[in-house]
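With mmCIF, C-alpha atoms (C1' of nucleotides) inside, this is structure29.cif:
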```cif
data_coords
loop_
_atom_site.label_atom_id
_atom_site.label_comp_id
_atom_site.auth_asym_id
_atom_site.auth_seq_id
_atom_site.Cartn_x
_atom_site.Cartn_y
_atom_site.Cartn_z
CA MET T 1 -131.83 39.20 -106.25
CA THR T 2 -129.87 42.39 -106.33
CA GLY T 3 -131.31 44.36 -103.45
CA THR T 4 -130.33 41.89 -100.78
CA ARG T 5 -129.49 43.05 -97.30
CA GLY T 6 -128.48 39.82 -95.63
CA TYR T 7 -125.06 38.56 -94.88
CA HIS T 8 -124.49 37.76 -98.50
CA HIS T 9 -124.54 40.66 -100.86
CA GLY T 10 -125.20 38.52 -103.90
CA ASP T 11 -123.89 40.91 -106.53
CA LEU T 12 -120.78 42.29 -104.93
CA ARG T 13 -118.37 41.60 -107.73
CA ARG T 14 -120.38 43.47 -110.31
CA VAL T 15 -121.20 46.32 -107.94
CA LEU T 16 -117.55 46.77 -107.03
CA LEU T 17 -116.48 46.88 -110.66
CA ALA T 18 -119.14 49.45 -111.47
CA ALA T 19 -118.21 51.57 -108.47
CA ALA T 20 -114.54 51.35 -109.40
CA ALA T 21 -115.30 52.57 -112.91
CA GLU T 22 -117.29 55.44 -111.48
CA VAL T 23 -114.54 56.52 -109.11
CA ILE T 24 -111.87 56.29 -111.79
CA GLU T 25 -113.99 58.29 -114.20
CA GLU T 26 -114.38 61.06 -111.65
CA SER T 27 -110.96 61.16 -110.03
CA GLY T 28 -108.60 58.86 -111.87
CA PRO T 29 -107.11 55.51 -110.91
CA ALA T 30 -104.85 57.06 -108.29
CA ALA T 31 -107.86 57.97 -106.16
CA LEU T 32 -109.16 54.43 -106.15
CA SER T 33 -109.41 52.85 -102.70
CA LEU T 34 -110.64 49.36 -101.98
CA ARG T 35 -111.99 50.48 -98.64
CA ASP T 36 -113.93 53.28 -100.24
CA LEU T 37 -115.45 50.87 -102.72
CA ALA T 38 -116.44 48.60 -99.86
CA ARG T 39 -118.08 51.51 -98.06
CA ARG T 40 -120.04 52.45 -101.17
CA ALA T 41 -121.26 48.89 -101.55
CA GLY T 42 -122.17 48.70 -97.88
CA VAL T 43 -119.86 45.81 -97.06
CA SER T 44 -116.86 45.39 -94.81
CA HIS T 45 -113.47 46.69 -95.84
CA ALA T 46 -112.11 43.23 -96.52
CA ALA T 47 -114.94 41.96 -98.69
CA PRO T 48 -113.40 43.06 -102.01
CA ALA T 49 -110.31 41.00 -101.32
CA HIS T 50 -112.30 37.83 -101.53
CA HIS T 51 -113.41 38.54 -105.10
CA PHE T 52 -110.29 40.10 -106.50
CA GLY T 53 -107.44 39.20 -104.19
CA ASP T 54 -105.97 42.65 -104.18
CA LYS T 55 -106.18 46.00 -105.92
CA ALA T 56 -104.33 44.77 -108.98
CA GLY T 57 -106.79 41.91 -109.19
CA LEU T 58 -109.73 44.28 -109.32
CA LEU T 59 -108.10 46.38 -112.02
CA THR T 60 -107.27 43.22 -113.95
CA ALA T 61 -110.94 42.32 -113.98
CA LEU T 62 -111.76 45.85 -115.10
CA ALA T 63 -109.26 45.62 -117.94
CA VAL T 64 -110.67 42.31 -119.13
CA GLU T 65 -114.16 43.76 -119.08
CA GLY T 66 -112.84 46.73 -121.05
CA PHE T 67 -111.18 44.68 -123.77
CA ASP T 68 -114.35 42.67 -124.19
CA LEU T 69 -116.50 45.79 -124.40
CA LEU T 70 -114.10 47.21 -126.97
CA ALA T 71 -114.20 44.08 -129.10
CA GLU T 72 -117.97 44.21 -128.98
CA ALA T 73 -118.07 47.88 -129.97
CA LEU T 74 -115.68 47.32 -132.88
CA HIS T 75 -117.70 44.39 -134.17
CA ALA T 76 -120.90 46.38 -133.95
CA ALA T 77 -119.42 49.15 -136.08
CA ASP T 78 -120.26 48.16 -139.61
CA GLY T 79 -119.11 50.68 -142.15
CA GLY T 80 -115.48 50.08 -142.89
CA LEU T 81 -112.34 51.24 -141.24
CA VAL T 82 -113.43 54.81 -140.66
CA GLU T 83 -116.49 53.78 -138.68
CA ALA T 84 -114.43 51.28 -136.71
CA GLY T 85 -112.10 54.12 -135.78
CA VAL T 86 -114.99 56.29 -134.71
CA ALA T 87 -116.28 53.39 -132.62
CA TYR T 88 -112.85 53.10 -130.99
CA VAL T 89 -112.87 56.75 -129.98
CA ASP T 90 -116.47 56.53 -128.90
CA PHE T 91 -115.65 53.59 -126.66
CA ALA T 92 -112.71 55.41 -125.11
CA VAL T 93 -114.87 58.39 -124.25
CA ARG T 94 -117.91 56.48 -123.03
CA HIS T 95 -115.91 53.96 -121.02
CA ARG T 96 -113.14 56.27 -120.02
CA ALA T 97 -112.31 54.36 -116.85
CA HIS T 98 -111.94 51.02 -118.59
CA PHE T 99 -109.93 52.58 -121.38
CA GLU T 100 -107.61 54.30 -118.98
CA VAL T 101 -106.84 51.13 -117.08
CA MET T 102 -106.50 48.91 -120.15
CA PHE T 103 -103.47 50.79 -121.41
CA ARG T 104 -101.77 51.21 -118.06
CA PRO T 105 -100.05 47.85 -117.55
CA ASP T 106 -98.40 48.97 -114.35
CA LEU T 107 -101.80 49.08 -112.65
CA TYR T 108 -102.83 45.49 -113.15
CA ARG T 109 -101.59 42.02 -114.12
CA ALA T 110 -101.31 42.57 -117.84
CA ASP T 111 -99.72 39.15 -118.31
CA ALA T 112 -102.68 37.25 -116.91
CA PRO T 113 -104.05 34.76 -119.44
CA GLU T 114 -107.59 36.14 -119.24
CA VAL T 115 -106.22 39.56 -120.16
CA ALA T 116 -104.28 38.20 -123.10
CA ALA T 117 -107.38 36.44 -124.38
CA ALA T 118 -109.59 39.50 -124.09
CA ARG T 119 -106.93 41.67 -125.67
CA GLU T 120 -106.65 39.26 -128.55
CA ARG T 121 -110.41 39.43 -129.11
CA SER T 122 -110.32 43.20 -129.53
CA GLY T 123 -107.14 43.01 -131.58
CA ALA T 124 -108.83 40.67 -134.01
CA ALA T 125 -111.76 43.05 -134.30
CA LEU T 126 -109.37 45.86 -135.13
CA ARG T 127 -107.60 43.86 -137.80
CA ALA T 128 -110.92 42.87 -139.32
CA GLY T 129 -111.69 46.53 -139.79
CA VAL T 130 -108.40 47.11 -141.59
CA ALA T 131 -109.02 44.17 -143.90
CA ASP T 132 -112.05 46.01 -145.21
CA LEU T 133 -109.83 48.74 -146.58
CA PRO T 134 -110.28 49.04 -150.33
CA PRO T 135 -106.91 48.36 -151.95
CA GLY T 136 -105.02 51.06 -153.76
CA HIS T 137 -105.64 53.56 -151.04
CA GLY T 138 -102.27 55.13 -151.50
CA THR T 139 -100.44 52.68 -149.30
CA ALA T 140 -98.85 49.72 -150.96
CA GLY T 141 -101.13 47.13 -149.50
CA ASP T 142 -99.20 46.93 -146.26
CA ALA T 143 -102.02 45.75 -144.00
CA ALA T 144 -99.91 45.67 -140.84
CA GLY T 145 -98.68 49.20 -141.46
CA ASP T 146 -102.20 50.39 -142.15
CA ALA T 147 -103.41 48.83 -138.95
CA LEU T 148 -100.62 50.40 -136.95
CA ALA T 149 -101.27 53.84 -138.38
CA ALA T 150 -105.02 53.56 -137.89
CA TRP T 151 -104.65 52.30 -134.35
CA SER T 152 -102.16 55.04 -133.53
CA ILE T 153 -104.29 57.88 -134.80
CA VAL T 154 -107.51 56.84 -133.10
CA HIS T 155 -105.75 55.87 -129.90
CA GLY T 156 -103.89 59.15 -129.81
CA PHE T 157 -106.97 61.21 -130.49
CA ALA T 158 -108.95 59.37 -127.81
CA THR T 159 -106.18 59.70 -125.26
CA LEU T 160 -105.71 63.40 -125.90
CA TRP T 161 -109.45 63.94 -125.76
CA ASN T 162 -109.78 62.15 -122.44
CA ALA T 163 -106.79 63.98 -121.02
CA GLY T 164 -108.46 67.28 -121.84
CA ALA T 165 -105.38 68.25 -123.82
CA LEU T 166 -107.20 69.31 -126.97
CA PRO T 167 -108.08 72.96 -127.64
CA ALA T 168 -111.71 74.04 -127.47
CA GLU T 169 -111.91 74.61 -131.22
CA VAL T 170 -112.04 70.88 -131.77
CA GLY T 171 -115.64 70.98 -130.59
CA ASP T 172 -117.56 68.94 -128.10
CA ASP T 173 -118.48 65.88 -130.12
CA PRO T 174 -115.62 63.39 -130.13
CA GLY T 175 -117.24 61.29 -132.85
CA THR T 176 -117.36 63.91 -135.56
CA ALA T 177 -113.97 65.32 -134.62
CA ALA T 178 -112.49 61.85 -134.81
CA ARG T 179 -114.06 61.27 -138.20
CA GLY T 180 -112.31 64.34 -139.55
CA VAL T 181 -108.97 63.15 -138.28
CA ILE T 182 -109.37 59.62 -139.58
CA HIS T 183 -110.34 60.89 -143.02
CA ARG T 184 -106.88 62.39 -143.32
CA LEU T 185 -105.48 58.90 -143.17
CA PHE T 186 -107.84 56.74 -145.14
CA GLY T 187 -110.71 58.86 -146.27
CA PRO T 188 -111.48 60.18 -149.75
CA ARG T 189 -108.96 62.69 -150.98
CA MET N 1 -71.65 71.30 -104.33
CA THR N 2 -73.68 68.22 -104.98
CA GLY N 3 -72.12 65.72 -102.66
CA THR N 4 -73.03 67.58 -99.51
CA ARG N 5 -73.27 65.80 -96.20
CA GLY N 6 -74.38 68.53 -93.87
CA TYR N 7 -77.76 69.48 -92.63
CA HIS N 8 -78.57 71.08 -95.92
CA HIS N 9 -78.67 68.83 -98.90
CA GLY N 10 -78.17 71.62 -101.38
CA ASP N 11 -79.64 69.94 -104.41
CA LEU N 12 -82.66 68.19 -103.00
CA ARG N 13 -85.22 69.50 -105.42
CA ARG N 14 -83.37 68.29 -108.49
CA VAL N 15 -82.42 64.99 -106.89
CA LEU N 16 -86.02 64.30 -105.91
CA LEU N 17 -87.30 65.04 -109.39
CA ALA N 18 -84.70 62.76 -110.93
CA ALA N 19 -85.47 59.99 -108.46
CA ALA N 20 -89.18 60.38 -109.10
CA ALA N 21 -88.64 60.05 -112.84
CA GLU N 22 -86.58 56.93 -112.25
CA VAL N 23 -89.19 55.28 -110.04
CA ILE N 24 -92.02 56.12 -112.44
CA GLU N 25 -90.04 54.76 -115.36
CA GLU N 26 -89.53 51.48 -113.56
CA SER N 27 -92.83 50.97 -111.83
CA GLY N 28 -95.29 53.61 -112.92
CA PRO N 29 -96.71 56.63 -111.12
CA ALA N 30 -98.82 54.47 -108.83
CA ALA N 31 -95.71 53.12 -107.15
CA LEU N 32 -94.38 56.58 -106.36
CA SER N 33 -93.93 57.29 -102.67
CA LEU N 34 -92.63 60.53 -101.21
CA ARG N 35 -91.12 58.66 -98.30
CA ASP N 36 -89.28 56.33 -100.64
CA LEU N 37 -87.89 59.28 -102.57
CA ALA N 38 -86.73 60.81 -99.31
CA ARG N 39 -84.97 57.58 -98.36
CA ARG N 40 -83.23 57.45 -101.72
CA ALA N 41 -82.03 61.00 -101.29
CA GLY N 42 -80.93 60.32 -97.73
CA VAL N 43 -83.16 62.91 -96.11
CA SER N 44 -86.05 62.74 -93.71
CA HIS N 45 -89.46 61.69 -94.94
CA ALA N 46 -90.89 65.18 -94.61
CA ALA N 47 -88.17 66.99 -96.53
CA PRO N 48 -89.87 66.67 -99.93
CA ALA N 49 -92.94 68.47 -98.62
CA HIS N 50 -90.95 71.62 -98.19
CA HIS N 51 -90.02 71.80 -101.86
CA PHE N 52 -93.24 70.58 -103.43
CA GLY N 53 -95.94 70.88 -100.82
CA ASP N 54 -97.40 67.48 -101.54
CA LYS N 55 -97.30 64.65 -104.03
CA ALA N 56 -99.33 66.57 -106.59
CA GLY N 57 -96.88 69.42 -106.27
CA LEU N 58 -93.96 67.18 -107.11
CA LEU N 59 -95.74 65.77 -110.13
CA THR N 60 -96.67 69.29 -111.21
CA ALA N 61 -93.01 70.20 -111.24
CA LEU N 62 -92.26 67.05 -113.19
CA ALA N 63 -94.93 67.92 -115.75
CA VAL N 64 -93.57 71.44 -116.21
CA GLU N 65 -90.09 70.04 -116.71
CA GLY N 66 -91.54 67.61 -119.23
CA PHE N 67 -93.35 70.21 -121.31
CA ASP N 68 -90.19 72.30 -121.44
CA LEU N 69 -88.08 69.33 -122.48
CA LEU N 70 -90.63 68.52 -125.17
CA ALA N 71 -90.63 72.07 -126.52
CA GLU N 72 -86.87 71.94 -126.63
CA ALA N 73 -86.85 68.62 -128.47
CA LEU N 74 -89.38 69.82 -131.03
CA HIS N 75 -87.43 72.99 -131.71
CA ALA N 76 -84.24 71.03 -132.15
CA ALA N 77 -85.86 68.80 -134.78
CA ASP N 78 -85.25 70.62 -138.03
CA GLY N 79 -86.54 68.74 -140.99
CA GLY N 80 -90.21 69.41 -141.38
CA LEU N 81 -93.27 67.89 -139.85
CA VAL N 82 -92.15 64.30 -140.18
CA GLU N 83 -88.98 64.88 -138.21
CA ALA N 84 -90.90 66.83 -135.59
CA GLY N 85 -93.18 63.83 -135.21
CA VAL N 86 -90.26 61.51 -134.84
CA ALA N 87 -88.82 63.84 -132.23
CA TYR N 88 -92.14 63.72 -130.37
CA VAL N 89 -92.09 59.94 -130.24
CA ASP N 90 -88.42 59.94 -129.35
CA PHE N 91 -89.10 62.26 -126.45
CA ALA N 92 -91.96 60.11 -125.19
CA VAL N 93 -89.76 57.02 -125.17
CA ARG N 94 -86.64 58.63 -123.73
CA HIS N 95 -88.51 60.58 -121.07
CA ARG N 96 -91.22 58.08 -120.49
CA ALA N 97 -91.87 59.19 -116.91
CA HIS N 98 -92.31 62.85 -117.80
CA PHE N 99 -94.50 61.97 -120.76
CA GLU N 100 -96.69 59.71 -118.70
CA VAL N 101 -97.32 62.34 -116.06
CA MET N 102 -97.83 65.21 -118.52
CA PHE N 103 -100.94 63.67 -119.99
CA ARG N 104 -102.45 62.44 -116.76
CA PRO N 105 -104.11 65.57 -115.36
CA ASP N 106 -105.57 63.71 -112.41
CA LEU N 107 -102.09 63.23 -111.00
CA TYR N 108 -101.07 66.86 -110.71
CA ARG N 109 -102.35 70.43 -110.76
CA ALA N 110 -102.86 70.78 -114.48
CA ASP N 111 -104.46 74.19 -114.04
CA ALA N 112 -101.42 75.74 -112.41
CA PRO N 113 -100.17 78.78 -114.38
CA GLU N 114 -96.63 77.40 -114.69
CA VAL N 115 -98.08 74.30 -116.32
CA ALA N 116 -100.18 76.29 -118.75
CA ALA N 117 -97.14 78.34 -119.75
CA ALA N 118 -94.93 75.33 -120.31
CA ARG N 119 -97.70 73.54 -122.20
CA GLU N 120 -98.12 76.56 -124.43
CA ARG N 121 -94.43 76.56 -125.22
CA SER N 122 -94.53 73.00 -126.49
CA GLY N 123 -97.83 73.63 -128.27
CA ALA N 124 -96.27 76.51 -130.18
CA ALA N 125 -93.38 74.28 -131.18
CA LEU N 126 -95.82 71.70 -132.50
CA ARG N 127 -97.75 74.26 -134.54
CA ALA N 128 -94.51 75.61 -135.97
CA GLY N 129 -93.78 72.17 -137.33
CA VAL N 130 -97.17 71.98 -139.01
CA ALA N 131 -96.66 75.38 -140.63
CA ASP N 132 -93.73 73.91 -142.50
CA LEU N 133 -96.07 71.55 -144.32
CA PRO N 134 -95.84 72.13 -148.06
CA PRO N 135 -99.31 73.14 -149.27
CA GLY N 136 -101.29 70.89 -151.56
CA HIS N 137 -100.52 67.83 -149.53
CA GLY N 138 -103.89 66.38 -150.13
CA THR N 139 -105.57 68.26 -147.33
CA ALA N 140 -107.28 71.50 -148.15
CA GLY N 141 -104.87 73.72 -146.27
CA ASP N 142 -106.62 73.15 -142.97
CA ALA N 143 -103.68 73.78 -140.67
CA ALA N 144 -105.59 73.13 -137.46
CA GLY N 145 -106.88 69.85 -138.81
CA ASP N 146 -103.42 68.87 -139.95
CA ALA N 147 -102.02 69.66 -136.55
CA LEU N 148 -104.68 67.63 -134.81
CA ALA N 149 -104.14 64.62 -137.05
CA ALA N 150 -100.38 64.81 -136.71
CA TRP N 151 -100.53 65.20 -132.96
CA SER N 152 -102.98 62.34 -132.65
CA ILE N 153 -100.95 59.88 -134.67
CA VAL N 154 -97.63 60.53 -132.97
CA HIS N 155 -99.18 60.71 -129.52
CA GLY N 156 -101.06 57.49 -130.09
CA PHE N 157 -98.04 55.67 -131.41
CA ALA N 158 -95.90 56.85 -128.52
CA THR N 159 -98.52 55.92 -125.94
CA LEU N 160 -99.05 52.46 -127.38
CA TRP N 161 -95.30 51.92 -127.59
CA ASN N 162 -94.76 52.90 -123.97
CA ALA N 163 -97.69 50.78 -122.85
CA GLY N 164 -96.09 47.78 -124.49
CA ALA N 165 -99.27 47.26 -126.45
CA LEU N 166 -97.66 46.97 -129.87
CA PRO N 167 -96.85 43.59 -131.41
CA ALA N 168 -93.23 42.51 -131.71
CA GLU N 169 -93.26 42.85 -135.51
CA VAL N 170 -93.12 46.61 -135.18
CA GLY N 171 -89.48 46.24 -134.29
CA ASP N 172 -87.38 47.66 -131.51
CA ASP N 173 -86.58 51.11 -132.82
CA PRO N 174 -89.39 53.52 -132.08
CA GLY N 175 -87.93 56.21 -134.33
CA THR N 176 -88.00 54.29 -137.57
CA ALA N 177 -91.32 52.67 -136.78
CA ALA N 178 -92.79 56.08 -136.08
CA ARG N 179 -91.43 57.44 -139.34
CA GLY N 180 -93.27 54.76 -141.25
CA VAL N 181 -96.53 55.60 -139.54
CA ILE N 182 -96.17 59.34 -140.02
CA HIS N 183 -95.41 58.89 -143.71
CA ARG N 184 -98.89 57.47 -144.13
CA LEU N 185 -100.27 60.83 -143.10
CA PHE N 186 -98.00 63.40 -144.69
CA GLY N 187 -95.23 61.58 -146.45
CA PRO N 188 -94.67 61.13 -150.16
CA ARG N 189 -97.27 59.00 -151.81
"C1'" DA O 1 -130.53 16.88 -91.29
"C1'" DC O 2 -125.88 17.53 -92.30
"C1'" DG O 3 -121.51 19.00 -94.03
"C1'" DG O 4 -118.73 21.43 -97.49
"C1'" DC O 5 -117.83 25.71 -99.36
"C1'" DA O 6 -118.35 30.32 -101.02
"C1'" DT O 7 -119.13 34.65 -99.04
"C1'" DC O 8 -118.59 38.20 -95.80
"C1'" DT O 9 -116.76 40.20 -91.07
"C1'" DT O 10 -113.63 41.50 -87.41
"C1'" DG O 11 -109.10 42.45 -85.87
"C1'" DT O 12 -104.44 43.64 -86.77
"C1'" DC O 13 -100.03 45.50 -88.80
"C1'" DA O 14 -96.83 48.10 -91.67
"C1'" DA O 15 -96.61 51.85 -94.92
"C1'" DT O 16 -98.07 56.08 -96.60
"C1'" DG O 17 -99.54 61.25 -96.97
"C1'" DC O 18 -100.02 65.20 -94.62
"C1'" DA O 19 -99.64 68.73 -90.90
"C1'" DA O 20 -97.46 71.00 -86.88
"C1'" DA O 21 -93.58 72.32 -84.34
"C1'" DG O 22 -88.76 72.46 -83.64
"C1'" DA O 23 -83.63 72.35 -85.10
"C1'" DT O 24 -79.89 73.95 -88.17
"C1'" DA O 25 -77.27 76.66 -91.31
"C1'" DC O 26 -76.93 80.14 -94.99
"C1'" DG O 27 -76.67 85.12 -96.21
"C1'" DA O 28 -77.65 89.83 -96.02
"C1'" DT O 29 -77.15 93.81 -93.26
"C1'" DC O 30 -74.96 96.54 -90.08
"C1'" DG I 1 -67.36 89.84 -87.45
"C1'" DA I 2 -71.88 89.56 -84.87
"C1'" DT I 3 -76.83 89.32 -85.47
"C1'" DC I 4 -81.15 88.44 -87.33
"C1'" DG I 5 -84.32 86.68 -90.87
"C1'" DT I 6 -85.31 82.92 -93.58
"C1'" DA I 7 -84.84 78.81 -96.29
"C1'" DT I 8 -83.99 74.13 -95.49
"C1'" DC I 9 -84.39 69.94 -93.05
"C1'" DT I 10 -85.99 66.87 -88.83
"C1'" DT I 11 -89.03 64.97 -85.40
"C1'" DT I 12 -93.41 63.72 -83.90
"C1'" DG I 13 -98.16 62.58 -84.49
"C1'" DC I 14 -102.44 61.15 -86.74
"C1'" DA I 15 -105.81 59.33 -90.15
"C1'" DT I 16 -106.13 56.34 -94.16
"C1'" DT I 17 -104.91 52.57 -96.80
"C1'" DG I 18 -103.61 47.66 -98.51
"C1'" DA I 19 -102.91 43.19 -97.12
"C1'" DC I 20 -103.26 39.27 -94.12
"C1'" DA I 21 -105.28 35.97 -90.63
"C1'" DA I 22 -108.98 33.94 -88.29
"C1'" DG I 23 -113.71 33.55 -87.52
"C1'" DA I 24 -118.86 34.02 -88.59
"C1'" DT I 25 -122.78 33.20 -91.73
"C1'" DG I 26 -125.69 31.04 -94.94
"C1'" DC I 27 -126.33 28.58 -99.47
"C1'" DC I 28 -126.48 24.06 -101.76
"C1'" DG I 29 -126.08 19.37 -102.70
"C1'" DT I 30 -126.20 14.86 -100.65
#
```

As structure tokens, the full file:
Amino acid sequence: MTGTRGYHHGDLRRVLLAAAAEVIEESGPAALSLRDLARRAGVSHAAPAHHFGDKAGLLTALAVEGFDLLAEALHAADGGLVEAGVAYVDFAVRHRAHFEVMFRPDLYRADAPEVAAARERSGAALRAGVADLPPGHGTAGDAAGDALAAWSIVHGFATLWNAGALPAEVGDDPGTAARGVIHRLFGPR
Amino acid sequence: MTGTRGYHHGDLRRVLLAAAAEVIEESGPAALSLRDLARRAGVSHAAPAHHFGDKAGLLTALAVEGFDLLAEALHAADGGLVEAGVAYVDFAVRHRAHFEVMFRPDLYRADAPEVAAARERSGAALRAGVADLPPGHGTAGDAAGDALAAWSIVHGFATLWNAGALPAEVGDDPGTAARGVIHRLFGPR
DNA sequence: ACGGCATCTTGTCAATGCAAAGATACGATC
DNA sequence: GATCGTATCTTTGCATTGACAAGATGCCGT
């Protein structure tokens, strides 16, 4: 099914998305070339256009996939807001390419309905994590504010980590480092 | 001095950097074209290469300029860690193009010595803000941890704001919204 | 068997980044 | 003030890319 050699590739769409993620992870979105992806997949240079229309179309598909993976990761993280935050950072590091594209609206069609739907799914997962917050945590029960602060701190940490902007003393395990940071917001005092 | 017409432009380097920032602000770094910048400046398409070598060189210069502007903004923000954080967010929104490039190492030569120096200048400014933190703020005097948490939350908020990822309820003034978020970390309880 | 349709290919064009080689003017030195 | 070195800018050329158009191939249902 997947190893085909004939005229029809059979799995091109998935292969192209995976190759795109690989390239972006190694060299960033700027180095992405549709023709290079086609070469890697062993198809003609115009084959990707059929599945995604253009470059923005491919990145749109990648963003949708990313938002869905994120929603899944957040749902899987049982253990309150702190663990959801760790899962967020973990996702950003493990799926660096998806994460990078997702929050770069100039690279894809961020207003596409499929994107909005996928984004909403992960947004709901995030809010569910905040709802688990035990009341009386210092903040005056402002759930929206809590969510914004939590989102900001994990998103910022993940972004800085991926950008290589953090000093070496932070360590080499993003999960534990993230936990320490998140505890300053919502953890035990 | 600046309105030259002759063979020599006289101010090309600055004009190109300004035009680049403008283009990036409007359409993102992916839409940046050296030839387009040259057209805007009224020079030949190869003129930019002389000043910056290549595209990465231009973005390197933009990143250096950005780190210096950030250091300046942080120094100017007297009023403790909270105000420094607000200044950080304010910088990211006002100089969105610089900010975007600064934390995208794949776009420029992040290992260039001029970049490291400029980055260190803004890093020192950030740490100076953290040192102002009154002790006994809940955290056990872990300055490095405080700095990391503070940097993460303001960087994340700024990034999400610029990406247009935040819901409309947050409002339209990044400064006040940021203040609310930062207060959850270090503000009065 | 046949026809519709999704999939993939070939060919083409404008735009871009980069490099090489040449033209022009500024400024220091005499 | 003339001359020479050099920084600045232009012209030309080439490989790569994204996007489009038209055609080839094979799967699938009728």

What are the closest atom pairs, with distances in Å to one decimal, for each residue of chain O lying within 10 Å of chain T, using only C-alpha atoms (C1' of nucleotides), rows by chain and rising residue number, as JSON lines?
```
{"residue": "O:DA6", "atom": "C1'", "partner": "T:His50", "partner_atom": "CA", "distance": 9.7}
{"residue": "O:DT7", "atom": "C1'", "partner": "T:His8", "partner_atom": "CA", "distance": 6.2}
{"residue": "O:DC8", "atom": "C1'", "partner": "T:Ala47", "partner_atom": "CA", "distance": 6.0}
{"residue": "O:DT9", "atom": "C1'", "partner": "T:Ser44", "partner_atom": "CA", "distance": 6.4}
{"residue": "O:DT10", "atom": "C1'", "partner": "T:Ser44", "partner_atom": "CA", "distance": 9.0}
```

Report as a compact mmCIF listing (two decimals) with C-alpha atoms (C1' of nucleotides), keeping the file's coordinate frame the full result of the PyMOL selection byres ((chain I) within 8 of (chain N)) when it is applied to this structure.
```
# COMPACT_ATOMS: atom_id res chain seq x y z
C1' DT I 8 -83.99 74.13 -95.49
C1' DC I 9 -84.39 69.94 -93.05
C1' DT I 10 -85.99 66.87 -88.83
```

(request) For chain T, work out the contacting residues on chain N at 7 Å, counting all atoms listed in the file, and write them as number ranges by chain. (result) N: 27-28, 30, 103-106, 138, 149, 152-153, 155-157, 163, 181, 184-185, 189

Listed atoms of stretch 22-27 of chain O boxed along x, y and z, 4 Å each side, centre and edge lengths in Å, one decimal, as lines of an AutoDock Vina configuration file:
```
center_x = -82.7
center_y = 78.7
center_z = -89.9
size_x = 20.1
size_y = 20.8
size_z = 20.6
```

Counting all atoms listed in the file, write as a compact mmCIF listing (two decimals) with C-alpha atoms (C1' of nucleotides), keeping the file's coordinate frame all protein and nucleic acid residues lying at most 12 Å from (-109.9, 54.6, -103.3) in the file's frame.
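Final file, out.txt:
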```
# COMPACT_ATOMS: atom_id res chain seq x y z
CA LEU T 16 -117.55 46.77 -107.03
CA ALA T 19 -118.21 51.57 -108.47
CA ALA T 20 -114.54 51.35 -109.40
CA ALA T 21 -115.30 52.57 -112.91
CA GLU T 22 -117.29 55.44 -111.48
CA VAL T 23 -114.54 56.52 -109.11
CA ILE T 24 -111.87 56.29 -111.79
CA GLU T 26 -114.38 61.06 -111.65
CA SER T 27 -110.96 61.16 -110.03
CA GLY T 28 -108.60 58.86 -111.87
CA PRO T 29 -107.11 55.51 -110.91
CA ALA T 30 -104.85 57.06 -108.29
CA ALA T 31 -107.86 57.97 -106.16
CA LEU T 32 -109.16 54.43 -106.15
CA SER T 33 -109.41 52.85 -102.70
CA LEU T 34 -110.64 49.36 -101.98
CA ARG T 35 -111.99 50.48 -98.64
CA ASP T 36 -113.93 53.28 -100.24
CA LEU T 37 -115.45 50.87 -102.72
CA ALA T 38 -116.44 48.60 -99.86
CA ARG T 39 -118.08 51.51 -98.06
CA ARG T 40 -120.04 52.45 -101.17
CA HIS T 45 -113.47 46.69 -95.84
CA LYS T 55 -106.18 46.00 -105.92
CA LEU T 58 -109.73 44.28 -109.32
C1' DT I 16 -106.13 56.34 -94.16
C1' DT I 17 -104.91 52.57 -96.80
C1' DG I 18 -103.61 47.66 -98.51
```
